[in-house]
$ cat work.txt   # compact mmCIF, C-alpha atoms and all ligand atoms
# COMPACT_ATOMS: atom_id res chain seq x y z
CA MET A 1 -52.07 29.97 -63.14
CA GLU A 2 -49.75 27.84 -65.31
CA GLU A 3 -46.82 29.86 -64.02
CA PHE A 4 -47.77 28.84 -60.47
CA LEU A 5 -48.03 25.19 -61.52
CA VAL A 6 -44.54 25.35 -62.97
CA ILE A 7 -43.24 26.37 -59.55
CA LEU A 8 -45.54 24.27 -57.32
CA VAL A 9 -45.15 20.87 -58.98
CA PRO A 10 -41.33 20.67 -58.66
CA ALA A 11 -41.63 22.11 -55.12
CA ALA A 12 -44.13 19.41 -54.13
CA ALA A 13 -41.90 16.75 -55.69
CA ALA A 14 -38.91 18.09 -53.77
CA VAL A 15 -40.85 18.10 -50.49
CA GLY A 16 -41.99 14.52 -51.16
CA TRP A 17 -38.42 13.44 -51.92
CA TRP A 18 -37.05 15.08 -48.76
CA GLY A 19 -39.92 13.63 -46.71
CA GLY A 20 -39.22 10.15 -48.01
CA ARG A 21 -35.53 10.51 -47.40
CA TRP A 22 -36.11 11.75 -43.83
CA TYR A 23 -38.52 8.83 -43.18
CA TYR A 24 -36.05 6.20 -44.39
CA THR A 25 -33.14 7.86 -42.56
CA GLN A 26 -35.13 7.81 -39.32
CA LYS A 27 -36.01 4.15 -39.89
CA PHE A 28 -32.35 3.32 -40.56
CA LEU A 29 -31.23 5.14 -37.40
CA GLU A 30 -33.88 3.42 -35.29
CA ARG A 31 -32.82 0.01 -36.56
CA HIS A 32 -29.12 0.86 -36.23
CA THR A 33 -29.50 2.28 -32.71
CA GLN A 34 -31.53 -0.75 -31.69
CA THR A 35 -28.76 -3.07 -32.95
CA ILE A 36 -26.14 -1.09 -31.02
CA ARG A 37 -28.27 -1.08 -27.87
CA GLN A 38 -28.77 -4.82 -28.16
CA GLY A 39 -25.03 -5.23 -28.66
CA TYR A 40 -24.29 -3.25 -25.50
CA CYS A 41 -26.78 -5.30 -23.48
CA LYS A 42 -25.24 -8.49 -24.79
CA GLY A 43 -21.72 -7.26 -23.98
CA LEU A 44 -22.84 -6.14 -20.54
CA ASN A 45 -24.40 -9.54 -19.85
CA TYR A 46 -21.17 -11.27 -20.78
CA LEU A 47 -19.27 -8.91 -18.50
CA LEU A 48 -21.63 -9.55 -15.61
CA SER A 49 -21.26 -13.30 -16.04
CA GLU A 50 -17.46 -12.77 -16.32
CA LYS A 51 -17.34 -14.16 -19.86
CA THR A 52 -14.54 -11.81 -20.93
CA ASP A 53 -13.85 -13.48 -24.29
CA GLN A 54 -17.46 -13.22 -25.45
CA ALA A 55 -17.69 -9.63 -24.12
CA ILE A 56 -14.59 -8.67 -26.13
CA GLU A 57 -16.03 -10.25 -29.29
CA THR A 58 -19.36 -8.44 -28.88
CA LEU A 59 -17.72 -5.09 -28.19
CA ALA A 60 -15.28 -5.53 -31.10
CA ASN A 61 -18.27 -6.13 -33.42
CA LEU A 62 -19.93 -3.03 -32.02
CA LEU A 63 -16.80 -1.05 -32.70
CA ALA A 64 -17.11 -1.88 -36.40
CA SER A 65 -20.66 -0.49 -36.59
CA ASP A 66 -20.34 2.20 -33.93
CA ILE A 67 -16.95 3.73 -34.57
CA GLU A 68 -17.81 7.07 -33.00
CA THR A 69 -18.71 5.72 -29.55
CA ILE A 70 -15.92 6.55 -27.10
CA GLU A 71 -17.28 4.29 -24.35
CA THR A 72 -17.01 1.20 -26.56
CA HIS A 73 -13.33 1.87 -27.19
CA VAL A 74 -12.66 2.47 -23.51
CA ALA A 75 -14.56 -0.69 -22.46
CA LEU A 76 -12.87 -2.87 -25.05
CA GLY A 77 -9.41 -1.56 -24.18
CA ASN A 78 -10.11 -2.21 -20.49
CA LEU A 79 -11.17 -5.76 -21.21
CA PHE A 80 -7.98 -6.43 -23.17
CA ARG A 81 -5.94 -4.98 -20.31
CA ARG A 82 -7.79 -7.12 -17.79
CA ARG A 83 -7.09 -10.18 -19.88
CA GLY A 84 -3.39 -9.31 -19.96
CA GLU A 85 -3.36 -8.25 -23.63
CA VAL A 86 -1.89 -4.86 -22.77
CA GLN A 87 -0.53 -4.10 -26.24
CA LYS A 88 -4.02 -4.34 -27.73
CA ALA A 89 -5.41 -2.15 -24.95
CA ILE A 90 -2.67 0.42 -25.66
CA GLU A 91 -3.43 0.40 -29.40
CA ILE A 92 -7.15 0.99 -28.82
CA HIS A 93 -6.66 3.75 -26.26
CA GLU A 94 -3.90 5.44 -28.28
CA ALA A 95 -6.13 5.45 -31.37
CA LEU A 96 -8.90 6.96 -29.29
CA LEU A 97 -6.64 9.68 -27.91
CA ALA A 98 -5.44 10.56 -31.43
CA ARG A 99 -8.94 11.68 -32.41
CA GLN A 100 -9.39 15.40 -32.89
CA SER A 101 -13.09 15.31 -32.00
CA LEU A 102 -12.69 14.39 -28.28
CA ASN A 103 -13.98 16.86 -25.72
CA GLY A 104 -12.04 17.59 -22.52
CA GLU A 105 -13.65 14.86 -20.43
CA GLN A 106 -13.28 12.22 -23.15
CA LYS A 107 -9.63 13.13 -23.62
CA ALA A 108 -9.01 12.83 -19.88
CA THR A 109 -10.70 9.39 -19.84
CA ALA A 110 -8.52 8.18 -22.71
CA GLN A 111 -5.38 9.55 -21.01
CA PHE A 112 -6.20 7.88 -17.72
CA GLU A 113 -6.93 4.52 -19.37
CA LEU A 114 -3.71 4.76 -21.32
CA GLY A 115 -1.89 5.54 -18.08
CA LEU A 116 -3.31 2.30 -16.62
CA ASP A 117 -2.22 0.39 -19.74
CA TYR A 118 1.32 1.76 -19.61
CA LYS A 119 1.62 0.99 -15.91
CA ARG A 120 0.39 -2.56 -16.47
CA ALA A 121 2.92 -2.94 -19.30
CA GLY A 122 5.71 -1.66 -17.01
CA LEU A 123 6.20 1.44 -19.21
CA TYR A 124 6.46 3.70 -16.17
CA ASP A 125 8.05 6.69 -17.95
CA ARG A 126 5.18 6.88 -20.43
CA ALA A 127 2.59 6.35 -17.69
CA GLU A 128 4.14 9.14 -15.62
CA LEU A 129 4.14 11.51 -18.58
CA ILE A 130 0.51 10.95 -19.53
CA LEU A 131 -0.83 10.92 -15.97
CA ALA A 132 0.94 14.21 -15.22
CA ASN A 133 -1.46 15.79 -17.76
CA LEU A 134 -4.34 15.00 -15.40
CA ALA A 135 -2.88 16.90 -12.43
CA ASP A 136 -5.46 19.67 -12.75
CA HIS A 137 -8.42 17.64 -13.95
CA PRO A 138 -11.25 17.73 -11.38
CA SER A 139 -12.43 14.10 -11.93
CA TYR A 140 -9.12 12.39 -12.62
CA ARG A 141 -6.74 14.28 -10.36
CA ARG A 142 -7.07 11.92 -7.41
CA PRO A 143 -7.05 8.58 -9.31
CA ALA A 144 -4.11 9.82 -11.43
CA LEU A 145 -2.18 10.74 -8.26
CA GLU A 146 -2.97 7.34 -6.73
CA LEU A 147 -1.69 5.62 -9.85
CA LEU A 148 1.43 7.77 -9.93
CA LEU A 149 2.03 6.94 -6.26
CA GLN A 150 1.90 3.21 -7.04
CA ILE A 151 4.46 3.74 -9.81
CA TYR A 152 6.84 5.77 -7.60
CA LEU A 153 6.56 3.23 -4.77
CA GLN A 154 7.30 0.44 -7.22
CA GLU A 155 10.35 2.36 -8.46
CA LYS A 156 11.32 3.28 -4.88
CA ASP A 157 11.36 6.94 -5.91
CA TRP A 158 10.57 8.09 -2.38
CA LEU A 159 10.84 11.83 -3.12
CA LYS A 160 8.22 11.76 -5.87
CA ALA A 161 6.08 9.37 -3.83
CA ARG A 162 6.21 11.83 -0.95
CA SER A 163 5.05 14.65 -3.21
CA CYS A 164 2.10 12.48 -4.35
CA VAL A 165 1.13 11.65 -0.76
CA SER A 166 1.33 15.31 0.18
CA GLN A 167 -1.10 16.15 -2.64
CA LEU A 168 -3.35 13.16 -1.89
CA ASN A 169 -3.64 14.26 1.74
CA ARG A 170 -5.90 17.06 0.52
CA PHE A 171 -8.43 14.40 -0.50
CA GLY A 172 -8.05 12.32 2.67
CA ARG A 173 -5.75 9.44 3.56
CA ALA A 174 -3.62 7.84 0.84
CA PRO A 175 -4.97 4.46 -0.36
CA ASN A 176 -2.63 2.08 1.48
CA GLY A 177 -2.03 4.28 4.49
CA GLU A 178 1.09 5.90 3.04
CA THR A 179 2.26 8.95 4.95
CA GLU A 180 4.93 11.52 4.29
CA ALA A 181 6.65 10.43 7.50
CA GLN A 182 7.06 6.84 6.29
CA LEU A 183 8.47 8.00 2.98
CA LEU A 184 10.88 10.31 4.81
CA CYS A 185 11.98 7.25 6.81
CA GLU A 186 12.67 5.47 3.52
CA LEU A 187 14.74 8.48 2.39
CA ALA A 188 16.56 8.43 5.74
CA ASP A 189 17.23 4.71 5.30
CA GLU A 190 18.73 5.38 1.86
CA ALA A 191 20.95 8.10 3.35
CA LEU A 192 22.07 5.74 6.15
CA LYS A 193 23.03 3.09 3.63
CA ALA A 194 25.11 5.75 1.84
CA ARG A 195 26.63 6.74 5.24
CA GLN A 196 25.16 10.23 4.90
CA TYR A 197 24.27 10.47 8.58
CA ALA A 198 23.52 14.21 8.66
CA VAL A 199 21.11 13.84 5.72
CA ALA A 200 19.43 10.87 7.44
CA ASP A 201 19.11 12.88 10.65
CA GLY A 202 17.46 15.76 8.78
CA ARG A 203 14.98 13.39 7.10
CA LEU A 204 14.07 11.83 10.43
CA ASP A 205 13.49 15.25 12.01
CA GLU A 206 11.20 16.08 9.11
CA ALA A 207 9.40 12.76 9.56
CA LEU A 208 8.80 13.45 13.25
CA GLU A 209 7.60 16.97 12.44
CA GLN A 210 5.12 15.45 10.00
CA ASP A 211 4.01 12.73 12.39
CA SER A 212 5.23 12.61 15.98
CA ARG A 213 3.60 9.14 16.29
CA CYS A 214 5.76 7.63 13.55
CA VAL A 215 7.35 4.82 15.53
CA ARG A 216 9.76 3.94 12.74
CA ALA A 217 11.17 7.49 12.79
CA VAL A 218 11.41 7.32 16.61
CA LEU A 219 13.39 4.05 16.51
CA MET A 220 15.68 5.26 13.71
CA LYS A 221 16.32 8.65 15.31
CA ALA A 222 17.06 7.05 18.70
CA ASP A 223 19.51 4.71 16.99
CA LEU A 224 21.28 7.67 15.33
CA LEU A 225 21.42 9.61 18.59
CA ALA A 226 22.86 6.60 20.44
CA ARG A 227 25.38 6.11 17.63
CA ASP A 228 26.67 9.63 18.27
CA GLY A 229 26.74 9.06 22.02
CA TYR A 230 23.59 11.04 22.86
CA PHE A 231 22.13 8.33 25.08
CA ARG A 232 19.89 10.55 27.23
CA PRO A 233 17.91 12.08 24.32
CA ALA A 234 17.81 8.63 22.70
CA LEU A 235 16.37 7.14 25.90
CA ASP A 236 13.78 9.91 26.23
CA LEU A 237 12.72 9.38 22.64
CA LEU A 238 12.41 5.60 23.07
CA LYS A 239 10.23 6.12 26.12
CA THR A 240 7.66 7.99 23.99
CA VAL A 241 6.74 4.69 22.28
CA GLU A 242 4.86 3.68 25.44
CA THR A 243 2.39 6.45 24.70
CA ILE A 244 2.40 6.75 20.91
CA ARG A 245 2.45 3.09 19.85
CA PRO A 246 2.41 0.62 22.78
CA ASP A 247 2.02 -2.26 20.30
CA TYR A 248 5.64 -1.61 19.26
CA LEU A 249 7.06 -1.72 22.81
CA PRO A 250 8.90 -5.02 22.20
CA GLU A 251 11.02 -3.19 19.57
CA VAL A 252 12.16 -0.67 22.16
CA ILE A 253 13.53 -3.04 24.80
CA LYS A 254 16.99 -3.74 23.35
CA PRO A 255 17.98 -0.11 22.53
CA LEU A 256 16.39 1.10 25.76
CA ILE A 257 18.52 -1.26 27.90
CA ARG A 258 21.61 -0.23 25.92
CA CYS A 259 20.96 3.47 26.66
CA HIS A 260 20.38 2.71 30.37
CA ASP A 261 23.63 0.76 30.57
CA GLN A 262 25.60 3.46 28.74
CA LEU A 263 24.22 6.15 31.03
CA GLY A 264 25.05 4.02 34.10
CA LEU A 265 21.55 4.46 35.50
CA PRO A 266 20.50 2.34 38.50
CA HIS A 267 18.96 -1.07 37.75
CA ASN A 268 15.92 -0.44 39.93
CA GLU A 269 14.93 2.48 37.70
CA LEU A 270 15.00 0.21 34.64
CA SER A 271 13.24 -2.63 36.51
CA ALA A 272 10.44 -0.29 37.56
CA TYR A 273 10.05 0.92 33.98
CA LEU A 274 10.03 -2.60 32.48
CA ASP A 275 7.58 -3.71 35.16
CA ARG A 276 5.23 -0.94 34.06
CA LEU A 277 5.65 -1.93 30.40
CA ALA A 278 5.04 -5.62 31.18
CA ALA A 279 1.73 -4.66 32.80
CA LYS A 280 0.72 -3.03 29.50
CA CYS A 281 2.21 -5.53 27.07
CA ARG A 282 3.13 -9.03 28.26
CA HIS A 283 5.38 -9.67 25.31
CA PRO A 284 8.08 -12.32 25.98
CA LYS A 285 10.84 -9.80 25.09
CA ILE A 286 9.74 -7.50 27.93
CA VAL A 287 9.15 -10.31 30.45
CA ILE A 288 12.50 -11.99 29.68
CA ALA A 289 14.38 -8.66 29.94
CA LEU A 290 12.77 -8.04 33.31
CA ALA A 291 13.57 -11.60 34.48
CA GLU A 292 17.24 -11.05 33.59
CA LEU A 293 17.26 -7.84 35.65
CA ILE A 294 15.63 -9.62 38.59
CA GLU A 295 18.23 -12.38 38.30
CA ALA A 296 21.07 -9.80 38.38
CA ASP A 297 19.61 -7.78 41.27
CA GLN A 298 17.70 -10.25 43.43
CA GLY A 299 19.05 -13.66 42.44
CA GLN A 300 18.07 -16.69 40.44
CA PRO A 301 15.23 -18.09 42.61
CA GLU A 302 13.31 -14.81 42.35
CA ALA A 303 13.90 -14.63 38.58
CA LEU A 304 12.79 -18.25 38.14
CA ALA A 305 9.64 -17.62 40.19
CA TYR A 306 8.87 -14.52 38.12
CA LEU A 307 9.36 -16.35 34.81
CA ARG A 308 7.32 -19.37 36.00
CA ASP A 309 4.40 -17.14 37.04
CA ALA A 310 4.58 -15.21 33.74
CA ALA A 311 4.65 -18.45 31.68
CA VAL A 312 1.67 -19.86 33.60
CA ALA A 313 -0.30 -16.60 33.32
CA LYS A 314 0.27 -16.37 29.57
CA PRO A 315 1.85 -19.54 28.10
CA SER A 316 4.41 -18.90 25.38
CA ILE A 317 7.12 -21.06 23.82
CA ARG A 318 9.66 -18.24 24.09
CA LEU A 319 8.94 -17.77 27.78
CA MET A 320 9.20 -21.50 28.42
CA ALA A 321 12.50 -21.61 26.51
CA ALA A 322 13.81 -18.75 28.71
CA LEU A 323 12.60 -20.56 31.85
CA VAL A 324 14.31 -23.82 30.85
CA ARG A 325 17.54 -21.96 30.00
CA MET A 326 17.53 -20.36 33.42
CA LEU A 327 16.87 -23.75 35.02
CA ALA A 328 19.89 -25.15 33.11
CA LYS A 329 22.00 -22.29 34.47
CA ALA A 330 20.81 -23.09 38.00
CA GLU A 331 22.09 -26.64 37.69
CA SER A 332 25.83 -26.90 38.23
CA GLY A 333 26.04 -30.02 36.06
CA GLY A 334 24.76 -33.59 35.71
CA ASP A 335 21.76 -35.11 33.97
CA HIS A 336 19.30 -32.35 34.83
CA ARG A 337 21.46 -29.70 33.22
CA THR A 338 21.82 -31.79 30.04
CA ILE A 339 18.05 -32.35 29.90
CA TYR A 340 17.29 -28.66 30.40
CA LEU A 341 19.80 -27.62 27.75
CA GLY A 342 18.31 -30.10 25.24
CA LEU A 343 14.79 -28.99 26.09
CA GLY A 344 15.82 -25.34 25.71
CA GLU A 345 17.23 -26.01 22.24
CA ALA A 346 14.06 -27.87 21.20
CA LEU A 347 11.87 -25.00 22.45
CA ASP A 348 14.09 -22.47 20.63
CA GLN A 349 13.60 -24.42 17.41
CA LEU A 350 9.85 -24.45 17.94
CA ALA A 351 9.91 -20.71 18.62
CA GLN A 352 11.82 -20.15 15.35
CA GLN A 353 8.93 -21.74 13.49
CA GLN A 354 6.45 -19.31 15.00
CA PRO A 355 5.88 -15.92 13.36
CA ARG A 356 7.07 -12.86 15.25
CA TYR A 357 5.15 -10.25 13.30
CA ARG A 358 1.74 -10.15 11.65
CA CYS A 359 0.00 -7.69 9.33
CA SER A 360 -3.28 -6.53 10.83
CA GLN A 361 -4.58 -5.80 7.34
CA CYS A 362 -4.08 -9.12 5.53
CA GLY A 363 -2.73 -11.52 8.17
CA PHE A 364 0.67 -11.97 6.48
CA SER A 365 3.11 -13.15 9.14
CA GLY A 366 6.83 -13.80 9.37
CA GLN A 367 10.02 -13.42 11.35
CA GLU A 368 10.84 -9.90 10.14
CA LEU A 369 9.31 -6.50 10.78
CA HIS A 370 8.21 -4.94 7.47
CA TRP A 371 7.17 -1.30 7.58
CA ARG A 372 5.33 -1.95 4.33
CA CYS A 373 3.58 -5.32 4.20
CA PRO A 374 5.09 -7.41 1.36
CA SER A 375 1.74 -9.06 0.78
CA CYS A 376 -0.99 -6.36 0.85
CA ARG A 377 1.45 -3.40 0.43
CA HIS A 378 -0.13 -1.48 3.32
CA TRP A 379 2.12 0.68 5.49
CA ASP A 380 2.51 0.48 9.23
CA THR A 381 0.20 -2.52 9.65
CA THR A 382 2.78 -5.18 10.63
CA VAL A 383 3.06 -5.37 14.41
CA PRO A 384 4.98 -7.58 16.86
CA LEU A 385 3.07 -10.66 18.01
CA GLU A 386 2.83 -11.49 21.68
ZN ZN A 401 -0.64 -7.08 4.78
$ encode --input "work.txt" --output "structure tokens" --more "lines below"
Ligand SMILES: [Zn+2]
Amino acid sequence: MEEFLVILVPAAAAVGWWGGRWYYTQKFLERHTQTIRQGYCKGLNYLLSEKTDQAIETLANLLASDIETIETHVALGNLFRRRGEVQKAIEIHEALLARQSLNGEQKATAQFELGLDYKRAGLYDRAELILANLADHPSYRRPALELLLQIYLQEKDWLKARSCVSQLNRFGRAPNGETEAQLLCELADEALKARQYAVADGRLDEALEQDSRCVRAVLMKADLLARDGYFRPALDLLKTVETIRPDYLPEVIKPLIRCHDQLGLPHNELSAYLDRLAAKCRHPKIVIALAELIEADQGQPEALAYLRDAAVAKPSIRLMAALVRMLAKAESGGDHRTIYLGLGEALDQLAQQQPRYRCSQCGFSGQELHWRCPSCRHWDTTVPLE
């Protein structure tokens, strides 16, 4: 019996010691977890009320007591980045990524956040390198590609941007409406500037294969064809704009008339075509071009009557300026001619102050046609204004 006591008493003491230790450990964890939870709630409240400074302070305190929590590091780094303190964000996310204990998902999160930090800091090479690691990750593949696309567009690396768009197309449309065709047009533009006309031509063919509705590729290709004397194919190509993008018809008028003139085609054919376009799009460029044809073929009174009716039907400063200029031409001299010329100049100045193009996405307007809006960075959203 004494032998049993010798064994049982220390065993009971050991059980009691372990029990006590377990009890106090549980209590400590409960208290600790509660503190962390309260800290998160506090940080979250600050974030919701956009008090970034207080949120950063709360999360930094949490980091001291909760060093293992990945989410705290990510959130704190993001807040620093949002506040413009990119170096601090980089330090936090780099420290996180250096941990050996991260699982695959956590590592991908840290890499993506670091990619955002590097991009924000303008360290594009580093961002590219780290984001490339996420190419096969199921959750981060698309956002990493979108981020890479932003970087390549910023750097005007059209080839790499095209590759990104091609991969993004598998997930749906690229974020700002980028298409391979537009990027091929950029590559063609680069080739044209370098006088590599054959390369530009090849890029434009590729662009039209990718997207036969790419009006920029149509206009550029027609210009190249006309440059080499192929006016008939250029004219046929320009005429497709009526169907594919009638909102861009005003851009077609000048090259279209040039092709007609070079081919020596009869005026009535061009008049009939412009008349049809004017019925679809009463843009001053089309109306004025038609008025000039009427003047050449039928005489000034008919052209004046046409312009007057068009200006009354849809008032426009540019139309009125054209009307006044024609009136000045009709006067052989004297006071009336001087008045009309002065009025024409004043209307031209007013027209110069009016925007010619507007982005349908953000409303940015100006005198130039931008294939990528300089304000909202969307592609193919800036159209001619009537
Ligand atoms: Zn815009």
$ atom_distance --input "work.txt" --atom1 "atom CA of Val86 of chain A" --atom2 "atom CA of Tyr118 of chain A"
8.0 Å
$ closest_atom_pairs --input "work.txt" --of "chain A" --to "ligand ZN 401 (chain A)" --cutoff "9 Å" --atoms "all atoms listed in the file" --output "JSON lines"
{"residue": "A:Arg358", "atom": "CA", "partner": "A:ZN401", "partner_atom": "ZN", "distance": 7.9}
{"residue": "A:Cys359", "atom": "CA", "partner": "A:ZN401", "partner_atom": "ZN", "distance": 4.6}
{"residue": "A:Ser360", "atom": "CA", "partner": "A:ZN401", "partner_atom": "ZN", "distance": 6.6}
{"residue": "A:Gln361", "atom": "CA", "partner": "A:ZN401", "partner_atom": "ZN", "distance": 4.9}
{"residue": "A:Cys362", "atom": "CA", "partner": "A:ZN401", "partner_atom": "ZN", "distance": 4.1}
{"residue": "A:Gly363", "atom": "CA", "partner": "A:ZN401", "partner_atom": "ZN", "distance": 6.0}
{"residue": "A:Phe364", "atom": "CA", "partner": "A:ZN401", "partner_atom": "ZN", "distance": 5.3}
{"residue": "A:Ser365", "atom": "CA", "partner": "A:ZN401", "partner_atom": "ZN", "distance": 8.4}
{"residue": "A:Arg372", "atom": "CA", "partner": "A:ZN401", "partner_atom": "ZN", "distance": 7.9}
{"residue": "A:Cys373", "atom": "CA", "partner": "A:ZN401", "partner_atom": "ZN", "distance": 4.6}
{"residue": "A:Pro374", "atom": "CA", "partner": "A:ZN401", "partner_atom": "ZN", "distance": 6.7}
{"residue": "A:Ser375", "atom": "CA", "partner": "A:ZN401", "partner_atom": "ZN", "distance": 5.1}
{"residue": "A:Cys376", "atom": "CA", "partner": "A:ZN401", "partner_atom": "ZN", "distance": 4.0}
{"residue": "A:Arg377", "atom": "CA", "partner": "A:ZN401", "partner_atom": "ZN", "distance": 6.1}
{"residue": "A:His378", "atom": "CA", "partner": "A:ZN401", "partner_atom": "ZN", "distance": 5.8}
{"residue": "A:Trp379", "atom": "CA", "partner": "A:ZN401", "partner_atom": "ZN", "distance": 8.3}
{"residue": "A:Thr381", "atom": "CA", "partner": "A:ZN401", "partner_atom": "ZN", "distance": 6.7}
{"residue": "A:Thr382", "atom": "CA", "partner": "A:ZN401", "partner_atom": "ZN", "distance": 7.0}
$ write_last_selection --input "work.txt" --atoms "C-alpha atoms" --output "CSV table (one decimal), keeping the file's coordinate frame"
chain,number,residue,atom,x,y,z
A,358,ARG,CA,1.7,-10.2,11.6
A,359,CYS,CA,0.0,-7.7,9.3
A,360,SER,CA,-3.3,-6.5,10.8
A,361,GLN,CA,-4.6,-5.8,7.3
A,362,CYS,CA,-4.1,-9.1,5.5
A,363,GLY,CA,-2.7,-11.5,8.2
A,364,PHE,CA,0.7,-12.0,6.5
A,365,SER,CA,3.1,-13.2,9.1
A,372,ARG,CA,5.3,-2.0,4.3
A,373,CYS,CA,3.6,-5.3,4.2
A,374,PRO,CA,5.1,-7.4,1.4
A,375,SER,CA,1.7,-9.1,0.8
A,376,CYS,CA,-1.0,-6.4,0.8
A,377,ARG,CA,1.4,-3.4,0.4
A,378,HIS,CA,-0.1,-1.5,3.3
A,379,TRP,CA,2.1,0.7,5.5
A,381,THR,CA,0.2,-2.5,9.6
A,382,THR,CA,2.8,-5.2,10.6
$ residues_around --input "work.txt" --residues "segment 151-167 of chain A" --least-positions-apart "6" --cutoff "10 Å" --atoms "all atoms listed in the file" --output "compact mmCIF listing (two decimals) with C-alpha atoms, in the coordinates of the input"
# COMPACT_ATOMS: atom_id res chain seq x y z
CA LYS A 119 1.62 0.99 -15.91
CA GLY A 122 5.71 -1.66 -17.01
CA LEU A 123 6.20 1.44 -19.21
CA TYR A 124 6.46 3.70 -16.17
CA ASP A 125 8.05 6.69 -17.95
CA ALA A 127 2.59 6.35 -17.69
CA GLU A 128 4.14 9.14 -15.62
CA ALA A 135 -2.88 16.90 -12.43
CA ARG A 141 -6.74 14.28 -10.36
CA ARG A 142 -7.07 11.92 -7.41
CA ALA A 144 -4.11 9.82 -11.43
CA LEU A 145 -2.18 10.74 -8.26
CA ARG A 173 -5.75 9.44 3.56
CA ALA A 174 -3.62 7.84 0.84
CA PRO A 175 -4.97 4.46 -0.36
CA GLY A 177 -2.03 4.28 4.49
CA GLU A 178 1.09 5.90 3.04
CA THR A 179 2.26 8.95 4.95
CA GLU A 180 4.93 11.52 4.29
CA ALA A 181 6.65 10.43 7.50
CA GLN A 182 7.06 6.84 6.29
CA LEU A 183 8.47 8.00 2.98
CA LEU A 184 10.88 10.31 4.81
CA CYS A 185 11.98 7.25 6.81
CA GLU A 186 12.67 5.47 3.52
CA LEU A 187 14.74 8.48 2.39
CA GLU A 190 18.73 5.38 1.86
CA ARG A 377 1.45 -3.40 0.43
$ residues_around --input "work.txt" --residues "Ser271 of chain A" --least-positions-apart "2" --cutoff "10 Å" --atoms "only C-alpha atoms" --output "MDAnalysis selection string"
chainID A and resid 266:269 273:277 289:294 297
$ atom_distance --input "work.txt" --atom1 "atom CA of Ala222 of chain A" --atom2 "atom CA of Leu238 of chain A"
6.5 Å
$ closest_residue --input "work.txt" --among "A:Pro315, A:Gly115, A:Gly342, A:Pro255" --to "Asp236 of chain A" --atoms "all atoms listed in the file"
A:Pro255
$ closest_residue --input "work.txt" --among "A:Leu134, A:Leu319, A:Ala121, A:Gln150" --to "Asp348 of chain A" --atoms "only C-alpha atoms"
A:Leu319
$ axis_aligned_box --input "work.txt" --around "segment 163-176 of chain A" --padding-each-side "8 Å" --output "lines of an AutoDock Vina configuration file"
center_x = -1.7
center_y = 9.6
center_z = -0.4
size_x = 29.5
size_y = 31.0
size_z = 23.9
$ atom_distance --input "work.txt" --atom1 "atom CA of Arg232 of chain A" --atom2 "atom CA of Tyr306 of chain A"
29.5 Å
$ closest_residue --input "work.txt" --among "A:Leu102, A:Leu204, A:Ile253, A:Leu79" --to "Thr58 of chain A" --atoms "all atoms listed in the file"
A:Leu79
$ residues_around --input "work.txt" --residues "segment 322-328 of chain A" --least-positions-apart "5" --cutoff "9 Å" --atoms "only C-alpha atoms" --output "list in words"
Ile288, Gln300, Ala303, Leu304, Leu307, Arg308, Ala311, Ile317, Gly333, His336, Arg337, Thr338, Ile339, Tyr340, Leu341, Leu343, Gly344, Glu345, Leu347 and Asp348 of chain A
$ write_last_selection --input "work.txt" --atoms "C-alpha atoms" --output "PDB file, in the coordinates of the input"
ATOM      1  CA  ILE A 288      12.500 -11.990  29.680  1.00  0.00           C
ATOM      2  CA  GLN A 300      18.070 -16.690  40.440  1.00  0.00           C
ATOM      3  CA  ALA A 303      13.900 -14.630  38.580  1.00  0.00           C
ATOM      4  CA  LEU A 304      12.790 -18.250  38.140  1.00  0.00           C
ATOM      5  CA  LEU A 307       9.360 -16.350  34.810  1.00  0.00           C
ATOM      6  CA  ARG A 308       7.320 -19.370  36.000  1.00  0.00           C
ATOM      7  CA  ALA A 311       4.650 -18.450  31.680  1.00  0.00           C
ATOM      8  CA  ILE A 317       7.120 -21.060  23.820  1.00  0.00           C
ATOM      9  CA  GLY A 333      26.040 -30.020  36.060  1.00  0.00           C
ATOM     10  CA  HIS A 336      19.300 -32.350  34.830  1.00  0.00           C
ATOM     11  CA  ARG A 337      21.460 -29.700  33.220  1.00  0.00           C
ATOM     12  CA  THR A 338      21.820 -31.790  30.040  1.00  0.00           C
ATOM     13  CA  ILE A 339      18.050 -32.350  29.900  1.00  0.00           C
ATOM     14  CA  TYR A 340      17.290 -28.660  30.400  1.00  0.00           C
ATOM     15  CA  LEU A 341      19.800 -27.620  27.750  1.00  0.00           C
ATOM     16  CA  LEU A 343      14.790 -28.990  26.090  1.00  0.00           C
ATOM     17  CA  GLY A 344      15.820 -25.340  25.710  1.00  0.00           C
ATOM     18  CA  GLU A 345      17.230 -26.010  22.240  1.00  0.00           C
ATOM     19  CA  LEU A 347      11.870 -25.000  22.450  1.00  0.00           C
ATOM     20  CA  ASP A 348      14.090 -22.470  20.630  1.00  0.00           C
TER      21      ASP A 348
END
